[in-house]
file start-v4.cif (mmCIF, C-alpha atoms and all ligand atoms)
data_my_file
#
loop_
_atom_site.group_PDB
_atom_site.id
_atom_site.type_symbol
_atom_site.label_atom_id
_atom_site.label_comp_id
_atom_site.auth_asym_id
_atom_site.auth_seq_id
_atom_site.Cartn_x
_atom_site.Cartn_y
_atom_site.Cartn_z
ATOM 1 C CA MET A 1 0.000 0.000 0.000
ATOM 2 C CA LYS A 2 1.644 3.251 -1.129
ATOM 3 C CA ILE A 3 -0.708 5.620 0.668
ATOM 4 C CA PHE A 4 -2.010 5.005 4.147
ATOM 5 C CA ARG A 5 -3.270 6.854 7.213
ATOM 6 C CA SER A 6 -1.181 6.762 10.362
ATOM 7 C CA ALA A 7 -2.005 7.845 13.905
ATOM 8 C CA LEU A 8 0.490 8.636 16.658
ATOM 9 C CA LEU A 9 -1.089 8.418 20.091
ATOM 10 C CA GLN A 10 0.350 10.962 22.494
ATOM 11 C CA LEU A 11 -1.001 9.249 25.584
ATOM 12 C CA GLN A 12 -1.203 10.733 29.081
ATOM 13 C CA VAL A 13 0.555 8.176 31.271
ATOM 14 C CA CYS A 14 0.008 7.817 35.028
ATOM 15 C CA GLU A 15 1.155 5.465 37.788
ATOM 16 C CA ASP A 16 -1.832 3.131 37.423
ATOM 17 C CA ARG A 17 -0.952 0.414 34.914
ATOM 18 C CA LEU A 18 -4.534 -0.644 34.228
ATOM 19 C CA LYS A 19 -5.670 2.930 33.699
ATOM 20 C CA ASN A 20 -2.821 3.392 31.201
ATOM 21 C CA LEU A 21 -3.921 0.278 29.334
ATOM 22 C CA GLU A 22 -7.571 1.330 29.305
ATOM 23 C CA ARG A 23 -6.710 4.820 28.117
ATOM 24 C CA ALA A 24 -4.439 3.442 25.404
ATOM 25 C CA ALA A 25 -7.155 1.021 24.221
ATOM 26 C CA ASN A 26 -9.589 3.906 24.034
ATOM 27 C CA LEU A 27 -7.227 6.087 21.988
ATOM 28 C CA ILE A 28 -6.483 3.174 19.647
ATOM 29 C CA GLN A 29 -10.175 2.843 18.935
ATOM 30 C CA GLN A 30 -10.468 6.593 18.316
ATOM 31 C CA ALA A 31 -7.546 6.359 15.882
ATOM 32 C CA LYS A 32 -9.318 3.545 14.054
ATOM 33 C CA ASN A 33 -12.452 5.697 13.851
ATOM 34 C CA LEU A 34 -10.324 8.368 12.174
ATOM 35 C CA GLY A 35 -9.434 5.811 9.510
ATOM 36 C CA ALA A 36 -5.881 4.955 10.615
ATOM 37 C CA ASN A 37 -4.443 1.597 9.623
ATOM 38 C CA LEU A 38 -1.030 2.046 11.242
ATOM 39 C CA VAL A 39 -1.220 3.204 14.860
ATOM 40 C CA ALA A 40 1.658 3.810 17.292
ATOM 41 C CA LEU A 41 1.944 4.355 21.048
ATOM 42 C CA PRO A 42 4.732 6.138 22.982
ATOM 43 C CA GLU A 43 7.728 4.923 24.950
ATOM 44 C CA CYS A 44 6.922 3.494 28.379
ATOM 45 C CA PHE A 45 3.172 3.742 27.947
ATOM 46 C CA ASN A 46 2.154 1.337 30.722
ATOM 47 C CA SER A 47 4.238 2.989 33.455
ATOM 48 C CA PRO A 48 5.878 6.261 34.426
ATOM 49 C CA TYR A 49 9.314 6.626 32.835
ATOM 50 C CA GLY A 50 12.014 6.133 35.476
ATOM 51 C CA THR A 51 14.537 3.538 36.562
ATOM 52 C CA LYS A 52 12.709 3.018 39.858
ATOM 53 C CA PHE A 53 9.576 1.927 37.973
ATOM 54 C CA PHE A 54 10.986 -0.455 35.386
ATOM 55 C CA GLU A 55 11.156 -3.607 37.500
ATOM 56 C CA GLU A 56 7.724 -3.087 39.079
ATOM 57 C CA TYR A 57 5.973 -2.574 35.751
ATOM 58 C CA ALA A 58 7.937 -5.161 33.768
ATOM 59 C CA GLU A 59 6.086 -8.008 32.060
ATOM 60 C CA SER A 60 7.193 -10.975 30.051
ATOM 61 C CA ILE A 61 6.376 -10.975 26.356
ATOM 62 C CA PRO A 62 3.887 -12.072 25.097
ATOM 63 C CA ASN A 63 2.259 -13.052 28.416
ATOM 64 C CA GLY A 64 0.876 -10.244 30.502
ATOM 65 C CA PRO A 65 -1.844 -7.615 30.629
ATOM 66 C CA THR A 66 -0.014 -5.181 28.348
ATOM 67 C CA CYS A 67 0.475 -7.682 25.528
ATOM 68 C CA ASP A 68 -3.102 -8.934 26.019
ATOM 69 C CA MET A 69 -4.440 -5.423 25.519
ATOM 70 C CA LEU A 70 -2.218 -4.729 22.497
ATOM 71 C CA SER A 71 -3.092 -7.975 20.763
ATOM 72 C CA LYS A 72 -6.824 -7.508 21.370
ATOM 73 C CA ALA A 73 -6.779 -3.860 20.262
ATOM 74 C CA ALA A 74 -4.931 -4.680 17.039
ATOM 75 C CA LYS A 75 -7.407 -7.459 16.229
ATOM 76 C CA GLU A 76 -10.614 -5.693 17.219
ATOM 77 C CA ASN A 77 -9.656 -2.594 15.235
ATOM 78 C CA ASN A 78 -8.117 -4.512 12.337
ATOM 79 C CA ILE A 79 -4.940 -2.402 12.366
ATOM 80 C CA PHE A 80 -1.166 -2.708 12.550
ATOM 81 C CA LEU A 81 -0.234 -1.558 16.023
ATOM 82 C CA VAL A 82 3.220 -0.438 17.151
ATOM 83 C CA GLY A 83 2.800 -0.973 20.863
ATOM 84 C CA GLY A 84 5.067 1.816 22.095
ATOM 85 C CA THR A 85 7.389 0.368 24.696
ATOM 86 C CA PHE A 86 7.126 -1.090 28.162
ATOM 87 C CA PRO A 87 9.645 -2.702 30.498
ATOM 88 C CA GLU A 88 10.180 -6.339 29.560
ATOM 89 C CA LYS A 89 11.370 -9.032 31.951
ATOM 90 C CA ASP A 90 13.192 -11.999 30.482
ATOM 91 C CA ASN A 91 15.409 -14.403 32.454
ATOM 92 C CA ASN A 92 15.728 -11.918 35.284
ATOM 93 C CA LYS A 93 16.949 -9.204 32.944
ATOM 94 C CA PHE A 94 15.003 -6.075 32.038
ATOM 95 C CA TYR A 95 14.721 -4.359 28.665
ATOM 96 C CA ASN A 96 12.894 -1.359 27.205
ATOM 97 C CA THR A 97 10.961 -3.137 24.475
ATOM 98 C CA CYS A 98 8.721 -2.283 21.559
ATOM 99 C CA THR A 99 6.236 -4.860 20.260
ATOM 100 C CA VAL A 100 4.364 -4.785 16.952
ATOM 101 C CA TRP A 101 1.020 -6.498 16.301
ATOM 102 C CA ASN A 102 -0.758 -7.331 13.056
ATOM 103 C CA PRO A 103 -4.524 -7.080 12.394
ATOM 104 C CA ASP A 104 -4.933 -10.727 13.482
ATOM 105 C CA GLY A 105 -3.566 -9.751 16.889
ATOM 106 C CA GLN A 106 -0.302 -11.628 16.329
ATOM 107 C CA LEU A 107 3.050 -10.389 17.586
ATOM 108 C CA ILE A 108 5.139 -9.772 14.461
ATOM 109 C CA ALA A 109 8.162 -7.900 15.836
ATOM 110 C CA LYS A 110 9.940 -7.190 19.088
ATOM 111 C CA TYR A 111 12.724 -4.609 19.391
ATOM 112 C CA ARG A 112 14.784 -3.959 22.526
ATOM 113 C CA LYS A 113 16.256 -0.470 22.922
ATOM 114 C CA MET A 114 19.825 -0.721 21.732
ATOM 115 C CA HIS A 115 21.330 2.516 23.059
ATOM 116 C CA LEU A 116 20.449 3.018 26.702
ATOM 117 C CA PHE A 117 19.702 6.558 27.871
ATOM 118 C CA ASP A 118 22.648 7.331 30.131
ATOM 119 C CA ILE A 119 23.318 11.049 30.302
ATOM 120 C CA ASP A 120 24.475 13.600 32.839
ATOM 121 C CA ILE A 121 23.821 17.302 32.267
ATOM 122 C CA PRO A 122 24.718 18.913 35.605
ATOM 123 C CA GLY A 123 21.915 20.940 37.146
ATOM 124 C CA LYS A 124 19.495 19.776 34.438
ATOM 125 C CA ILE A 125 19.095 16.059 34.014
ATOM 126 C CA THR A 126 20.900 12.911 35.020
ATOM 127 C CA PHE A 127 19.430 9.614 33.877
ATOM 128 C CA LYS A 128 20.935 6.134 33.771
ATOM 129 C CA GLU A 129 18.749 3.502 32.164
ATOM 130 C CA SER A 130 21.629 1.040 32.489
ATOM 131 C CA GLU A 131 21.101 1.006 36.273
ATOM 132 C CA THR A 132 18.265 -1.436 35.670
ATOM 133 C CA LEU A 133 18.038 -2.202 31.954
ATOM 134 C CA HIS A 134 20.048 -4.260 29.518
ATOM 135 C CA PRO A 135 20.450 -3.123 25.897
ATOM 136 C CA GLY A 136 19.099 -5.051 22.937
ATOM 137 C CA ASN A 137 21.535 -6.130 20.248
ATOM 138 C CA GLU A 138 19.400 -6.507 17.161
ATOM 139 C CA LEU A 139 17.983 -4.318 14.428
ATOM 140 C CA VAL A 140 14.326 -5.183 13.847
ATOM 141 C CA THR A 141 12.084 -4.482 10.881
ATOM 142 C CA PHE A 142 8.559 -5.520 10.030
ATOM 143 C CA ASP A 143 6.511 -5.606 6.888
ATOM 144 C CA PHE A 144 3.518 -3.279 6.779
ATOM 145 C CA GLN A 145 1.598 -4.101 3.629
ATOM 146 C CA GLY A 146 4.740 -4.317 1.502
ATOM 147 C CA ILE A 147 6.604 -1.461 3.235
ATOM 148 C CA LYS A 148 9.667 -2.231 5.310
ATOM 149 C CA VAL A 149 9.532 -0.400 8.632
ATOM 150 C CA GLY A 150 12.495 -0.108 11.036
ATOM 151 C CA LEU A 151 12.241 0.263 14.807
ATOM 152 C CA GLY A 152 14.205 2.346 17.289
ATOM 153 C CA ILE A 153 13.436 3.758 20.723
ATOM 154 C CA CYS A 154 13.979 7.340 21.844
ATOM 155 C CA TYR A 155 17.733 7.761 22.589
ATOM 156 C CA ASP A 156 18.368 5.498 19.555
ATOM 157 C CA LEU A 157 17.358 8.545 17.481
ATOM 158 C CA ARG A 158 20.742 10.086 18.269
ATOM 159 C CA PHE A 159 22.634 7.269 16.543
ATOM 160 C CA GLU A 160 22.597 7.944 12.848
ATOM 161 C CA GLU A 161 24.374 4.662 12.095
ATOM 162 C CA LEU A 162 21.279 2.715 13.156
ATOM 163 C CA ALA A 163 19.005 4.717 10.872
ATOM 164 C CA LYS A 164 21.479 4.380 7.995
ATOM 165 C CA LEU A 165 21.558 0.600 8.401
ATOM 166 C CA TYR A 166 17.772 0.527 8.242
ATOM 167 C CA ARG A 167 17.867 2.558 5.016
ATOM 168 C CA ILE A 168 20.411 0.132 3.585
ATOM 169 C CA MET A 169 18.079 -2.719 4.585
ATOM 170 C CA GLY A 170 15.319 -1.092 2.489
ATOM 171 C CA CYS A 171 13.201 0.756 5.059
ATOM 172 C CA LYS A 172 10.976 3.631 4.009
ATOM 173 C CA LEU A 173 9.677 4.408 7.464
ATOM 174 C CA LEU A 174 11.391 4.468 10.875
ATOM 175 C CA ILE A 175 9.285 4.462 14.031
ATOM 176 C CA TYR A 176 10.704 5.702 17.342
ATOM 177 C CA PRO A 177 8.505 5.612 20.436
ATOM 178 C CA GLY A 178 10.307 8.144 22.641
ATOM 179 C CA ALA A 179 10.104 10.312 25.739
ATOM 180 C CA PHE A 180 12.468 13.250 25.407
ATOM 181 C CA ASN A 181 12.694 15.576 28.380
ATOM 182 C CA MET A 182 12.351 19.286 29.070
ATOM 183 C CA THR A 183 16.086 19.961 28.673
ATOM 184 C CA THR A 184 16.894 18.189 25.420
ATOM 185 C CA GLY A 185 13.387 17.995 23.963
ATOM 186 C CA PRO A 186 12.925 21.631 22.932
ATOM 187 C CA ILE A 187 16.129 21.751 20.910
ATOM 188 C CA HIS A 188 16.864 18.160 19.859
ATOM 189 C CA TRP A 189 13.616 16.182 19.406
ATOM 190 C CA GLU A 190 12.439 17.779 16.170
ATOM 191 C CA LEU A 191 15.936 18.287 14.784
ATOM 192 C CA LEU A 192 16.998 14.677 15.287
ATOM 193 C CA GLN A 193 13.908 13.342 13.542
ATOM 194 C CA ARG A 194 14.330 15.720 10.633
ATOM 195 C CA SER A 195 17.998 14.742 10.393
ATOM 196 C CA ARG A 196 17.292 11.006 10.316
ATOM 197 C CA ALA A 197 14.531 11.567 7.734
ATOM 198 C CA LEU A 198 16.605 13.802 5.478
ATOM 199 C CA ASP A 199 19.815 11.764 5.676
ATOM 200 C CA ASN A 200 18.015 8.568 4.809
ATOM 201 C CA GLN A 201 15.191 9.886 2.633
ATOM 202 C CA LEU A 202 12.437 8.169 4.530
ATOM 203 C CA TYR A 203 9.534 8.928 6.863
ATOM 204 C CA VAL A 204 10.177 9.175 10.592
ATOM 205 C CA PHE A 205 7.565 8.899 13.360
ATOM 206 C CA GLY A 206 8.414 9.973 16.927
ATOM 207 C CA ILE A 207 5.742 9.169 19.507
ATOM 208 C CA SER A 208 5.971 10.728 22.958
ATOM 209 C CA PRO A 209 3.787 10.483 26.038
ATOM 210 C CA ALA A 210 1.860 13.675 26.821
ATOM 211 C CA ARG A 211 3.478 16.157 29.223
ATOM 212 C CA ASN A 212 3.118 15.064 32.849
ATOM 213 C CA GLU A 213 3.409 17.157 35.993
ATOM 214 C CA SER A 214 6.109 15.522 38.080
ATOM 215 C CA GLY A 215 8.958 13.006 38.002
ATOM 216 C CA TYR A 216 10.503 12.688 34.561
ATOM 217 C CA ILE A 217 8.632 15.269 32.505
ATOM 218 C CA ALA A 218 8.106 14.326 28.871
ATOM 219 C CA TRP A 219 8.477 16.959 26.176
ATOM 220 C CA GLY A 220 5.571 15.658 24.097
ATOM 221 C CA HIS A 221 5.446 16.984 20.505
ATOM 222 C CA SER A 222 4.924 13.647 18.765
ATOM 223 C CA GLN A 223 5.905 14.172 15.172
ATOM 224 C CA VAL A 224 5.656 12.901 11.620
ATOM 225 C CA THR A 225 8.502 13.912 9.278
ATOM 226 C CA ASP A 226 8.633 13.247 5.548
ATOM 227 C CA PRO A 227 11.626 12.244 3.360
ATOM 228 C CA TRP A 228 12.317 15.925 2.540
ATOM 229 C CA GLY A 229 12.885 16.530 6.239
ATOM 230 C CA LYS A 230 9.615 18.452 6.444
ATOM 231 C CA VAL A 231 7.477 18.137 9.583
ATOM 232 C CA LEU A 232 4.075 16.985 8.328
ATOM 233 C CA ALA A 233 2.349 16.970 11.690
ATOM 234 C CA GLN A 234 3.320 17.688 15.265
ATOM 235 C CA ALA A 235 1.510 17.596 18.595
ATOM 236 C CA ASP A 236 1.748 20.149 21.366
ATOM 237 C CA ALA A 237 2.291 18.897 24.929
ATOM 238 C CA LYS A 238 -1.098 17.489 25.909
ATOM 239 C CA GLU A 239 -2.756 14.168 25.096
ATOM 240 C CA GLU A 240 -3.769 14.024 21.459
ATOM 241 C CA ILE A 241 -3.821 11.954 18.314
ATOM 242 C CA VAL A 242 -1.478 13.095 15.569
ATOM 243 C CA GLN A 243 -2.716 11.794 12.256
ATOM 244 C CA ALA A 244 -0.990 11.974 8.906
ATOM 245 C CA ASP A 245 -1.560 10.506 5.479
ATOM 246 C CA ILE A 246 1.654 8.953 4.286
ATOM 247 C CA ASP A 247 2.465 8.756 0.589
ATOM 248 C CA LEU A 248 5.350 6.388 -0.019
ATOM 249 C CA ASN A 249 5.732 7.743 -3.540
ATOM 250 C CA GLU A 250 7.462 10.693 -1.814
ATOM 251 C CA CYS A 251 10.299 8.392 -0.794
ATOM 252 C CA ASP A 252 10.767 7.116 -4.326
ATOM 253 C CA ASP A 253 10.642 10.663 -5.757
ATOM 254 C CA VAL A 254 13.180 12.115 -3.321
ATOM 255 C CA ARG A 255 15.503 9.158 -3.741
ATOM 256 C CA GLN A 256 15.361 9.518 -7.514
ATOM 257 C CA GLN A 257 15.718 13.304 -7.584
ATOM 258 C CA ILE A 258 18.574 13.546 -5.065
ATOM 259 C CA PRO A 259 20.258 10.141 -5.423
ATOM 260 C CA ILE A 260 22.710 10.422 -2.530
ATOM 261 C CA PHE A 261 22.721 6.747 -1.710
ATOM 262 C CA GLY A 262 24.280 5.772 -5.020
ATOM 263 C CA GLN A 263 26.680 8.702 -4.744
ATOM 264 C CA ARG A 264 28.168 7.840 -1.372
ATOM 265 C CA ARG A 265 31.955 7.359 -1.518
ATOM 266 C CA THR A 266 31.971 4.160 0.484
ATOM 267 C CA ASP A 267 35.237 3.290 -1.306
ATOM 268 C CA ILE A 268 36.739 6.121 0.744
ATOM 269 C CA TYR A 269 34.621 6.016 3.909
ATOM 270 C CA ASP A 270 35.221 2.301 4.392
ATOM 271 C CA THR A 271 38.993 2.494 3.953
ATOM 272 C CA VAL A 272 40.031 5.768 5.628
ATOM 273 C CA ARG A 273 38.992 4.777 9.087
ATOM 274 C CA LYS A 274 37.554 1.723 10.784
ATOM 275 C CA TYR A 275 35.539 2.571 13.896
HETATM 276 N N1 LIG A 301 13.890 7.969 26.887
HETATM 277 C C1 LIG A 301 14.973 8.417 26.311
HETATM 278 O O1 LIG A 301 15.739 7.676 25.738
HETATM 279 C C2 LIG A 301 15.177 9.882 26.405
HETATM 280 C C3 LIG A 301 16.163 10.410 25.391
HETATM 281 C C4 LIG A 301 16.376 11.857 25.530
HETATM 282 O O2 LIG A 301 15.640 12.571 26.193
HETATM 283 C C5 LIG A 301 17.517 12.438 24.831
HETATM 284 O O3 LIG A 301 17.779 13.626 25.023
HETATM 285 O O4 LIG A 301 18.198 11.727 24.078
#

call {"tool": "encode", "arguments": {"input": "start-v4.cif", "output": "structure tokens"}}
result
Amino acid sequence: MKIFRSALLQLQVCEDRLKNLERAANLIQQAKNLGANLVALPECFNSPYGTKFFEEYAESIPNGPTCDMLSKAAKENNIFLVGGTFPEKDNNKFYNTCTVWNPDGQLIAKYRKMHLFDIDIPGKITFKESETLHPGNELVTFDFQGIKVGLGICYDLRFEELAKLYRIMGCKLLIYPGAFNMTTGPIHWELLQRSRALDNQLYVFGISPARNESGYIAWGHSQVTDPWGKVLAQADAKEEIVQADIDLNECDDVRQQIPIFGQRRTDIYDTVRKY
């Protein structure tokens, strides 16, 4: 399908897991009513975002209330559902994991955040996901009606190598559930998505939780960016559905008109320096 309607659900997340699931299920249904066939939730949508919460809210995949809700919602609404992320428990290790569900309610992809959010900006924000989480080690794509879609999570947006690999693998859309903060969000969130989109000539979705009042405060501003690097749609801070009609012909046009991928001097890049 070359043209489709997408919906990014900028969900208001609270400390009550079941309320988060109910609210998410409700927004998914609203997105379906708007005609969306690809719907995506934000990072950490079943729990507040914070290292002290990850173990308490973690579930195994695919058994648990969060996967049950996602599977049911995908099936009942007959949509592809990118289930944001939630803390995953596997063999006594914890991951920040994104699941993807097809319209039959089947789990078709699972991506574990590869670059953990460990930063220290004195007086502003210090965060260390690696205190409780392990990183994933695999790139993950899924097929959405003939389109290859690549997955990343939030801080992964900063690593252009990951996005480039997805482009090389044939992706035309990258989806990043994410929860940027009030320090980096205002200056980096939009810019990073536009950069990944422009560099790789593909669509980028960034899906944030809505702004909350305390703890880790999410920037919001869920965003759809096209292969020209243009922002097609962007939320404000509150809970809302960002919808956008995606025309994959744009990818083909941009790639043909500005054919940077065939023009890369990999003969030089690959020999000058090995990382
Ligand atoms: N959840 C995250 O990975 C946050 C990333 C972030 O805020 C950043 O600045 O990078």

call {"tool": "residues_near_ligand", "arguments": {"input": "start-v4.cif", "ligand": "ligand LIG 301 (chain A)", "cutoff": "7 Å", "atoms": "all atoms listed in the file", "output": "ChimeraX atom specification"}}
result
/A:116-117,153-155,158,178-181,184-185,188

call {"tool": "atom_distance", "arguments": {"input": "start-v4.cif", "atom1": "CA of Asp104 (chain A)", "atom2": "CA of Asn249 (chain A)"}}
result
27.3 Å

call {"tool": "closest_residue", "arguments": {"input": "start-v4.cif", "among": "A:Gly146, A:Gly35, A:Pro87, A:Gly105", "to": "Ala58 (chain A)", "atoms": "only C-alpha atoms"}}
result
A:Pro87

call {"tool": "residues_around", "arguments": {"input": "start-v4.cif", "residues": "region 228-233 of chain A", "least_positions_apart": "6", "cutoff": "12 Å", "atoms": "all atoms listed in the file", "output": "NGL selection string"}}
result
:A and (6-8 or 189-207 or 221-222 or 240-247 or 250-255 or 257-258)

call {"tool": "closest_atom_pairs", "arguments": {"input": "start-v4.cif", "of": "region 129-238 of chain A", "to": "region 44-54 of chain A", "cutoff": "12 Å", "atoms": "all atoms listed in the file", "output": "tab-separated table"}}
result
residue	atom	partner	partner_atom	distance
A:Glu129	CA	A:Thr51	CA	6.1
A:Ser130	CA	A:Thr51	CA	8.6
A:Glu131	CA	A:Thr51	CA	7.0
A:Thr132	CA	A:Thr51	CA	6.3
A:Leu133	CA	A:Phe54	CA	8.0
A:His134	CA	A:Phe54	CA	11.4
A:Ile153	CA	A:Cys44	CA	10.1
A:Cys154	CA	A:Cys44	CA	10.4
A:Tyr176	CA	A:Cys44	CA	11.9
A:Pro177	CA	A:Cys44	CA	8.4
A:Gly178	CA	A:Cys44	CA	8.1
A:Ala179	CA	A:Cys44	CA	8.0
A:Phe180	CA	A:Tyr49	CA	10.4
A:Asn181	CA	A:Tyr49	CA	10.6
A:Ile207	CA	A:Phe45	CA	10.4
A:Ser208	CA	A:Phe45	CA	9.0
A:Pro209	CA	A:Phe45	CA	7.0
A:Ala210	CA	A:Phe45	CA	10.1
A:Arg211	CA	A:Pro48	CA	11.4
A:Asn212	CA	A:Pro48	CA	9.4
A:Glu213	CA	A:Pro48	CA	11.3
A:Ser214	CA	A:Pro48	CA	10.0
A:Gly215	CA	A:Gly50	CA	7.9
A:Tyr216	CA	A:Tyr49	CA	6.4
A:Ile217	CA	A:Tyr49	CA	8.7
A:Ala218	CA	A:Tyr49	CA	8.7

call {"tool": "write_last_selection", "arguments": {"input": "start-v4.cif", "atoms": "C-alpha atoms", "output": "short mmCIF file (atom, residue, chain, number, x, y, z; two decimals), keeping the file's coordinate frame"}}
result
data_model
loop_
_atom_site.label_atom_id
_atom_site.label_comp_id
_atom_site.auth_asym_id
_atom_site.auth_seq_id
_atom_site.Cartn_x
_atom_site.Cartn_y
_atom_site.Cartn_z
CA GLU A 129 18.75 3.50 32.16
CA SER A 130 21.63 1.04 32.49
CA GLU A 131 21.10 1.01 36.27
CA THR A 132 18.26 -1.44 35.67
CA LEU A 133 18.04 -2.20 31.95
CA HIS A 134 20.05 -4.26 29.52
CA ILE A 153 13.44 3.76 20.72
CA CYS A 154 13.98 7.34 21.84
CA TYR A 176 10.70 5.70 17.34
CA PRO A 177 8.51 5.61 20.44
CA GLY A 178 10.31 8.14 22.64
CA ALA A 179 10.10 10.31 25.74
CA PHE A 180 12.47 13.25 25.41
CA ASN A 181 12.69 15.58 28.38
CA ILE A 207 5.74 9.17 19.51
CA SER A 208 5.97 10.73 22.96
CA PRO A 209 3.79 10.48 26.04
CA ALA A 210 1.86 13.68 26.82
CA ARG A 211 3.48 16.16 29.22
CA ASN A 212 3.12 15.06 32.85
CA GLU A 213 3.41 17.16 35.99
CA SER A 214 6.11 15.52 38.08
CA GLY A 215 8.96 13.01 38.00
CA TYR A 216 10.50 12.69 34.56
CA ILE A 217 8.63 15.27 32.51
CA ALA A 218 8.11 14.33 28.87
#

call {"tool": "resolve_selection", "arguments": {"input": "start-v4.cif", "expression": "the PyMOL selection byres (((chain A and resi 12) around 7) and not hetatm)", "output": "short mmCIF file (atom, residue, chain, number, x, y, z; two decimals) with C-alpha atoms, in the frame of the given file"}}
result
data_model
loop_
_atom_site.label_atom_id
_atom_site.label_comp_id
_atom_site.auth_asym_id
_atom_site.auth_seq_id
_atom_site.Cartn_x
_atom_site.Cartn_y
_atom_site.Cartn_z
CA GLN A 10 0.35 10.96 22.49
CA LEU A 11 -1.00 9.25 25.58
CA VAL A 13 0.56 8.18 31.27
CA CYS A 14 0.01 7.82 35.03
CA PRO A 209 3.79 10.48 26.04
CA ALA A 210 1.86 13.68 26.82
CA GLU A 239 -2.76 14.17 25.10
#

call {"tool": "closest_residue", "arguments": {"input": "start-v4.cif", "among": "A:Phe144, A:Tyr269, A:Phe127, A:Phe261", "to": "Trp101 (chain A)", "atoms": "only C-alpha atoms"}}
result
A:Phe144

call {"tool": "resolve_selection", "arguments": {"input": "start-v4.cif", "expression": "the PyMOL selection byres (((chain A and resi 27-31) around 8) and not hetatm)", "output": "list in words"}}
result
Ala7, Leu9, Leu11, Arg23, Ala24, Ala25, Asn26, Lys32, Asn33, Leu34, Gly35, Ala36, Val39, Ala73, Asn77 and Ile241 of chain A

call {"tool": "atom_distance", "arguments": {"input": "start-v4.cif", "atom1": "CA of Trp219 (chain A)", "atom2": "CA of Ile125 (chain A)"}}
result
13.2 Å

call {"tool": "atom_distance", "arguments": {"input": "start-v4.cif", "atom1": "CA of Glu59 (chain A)", "atom2": "CA of Asn96 (chain A)"}}
result
10.7 Å

call {"tool": "closest_residue", "arguments": {"input": "start-v4.cif", "among": "A:Gly150, A:Asp270, A:Val140, A:Asn92", "to": "Glu55 (chain A)", "atoms": "all atoms listed in the file"}}
result
A:Asn92
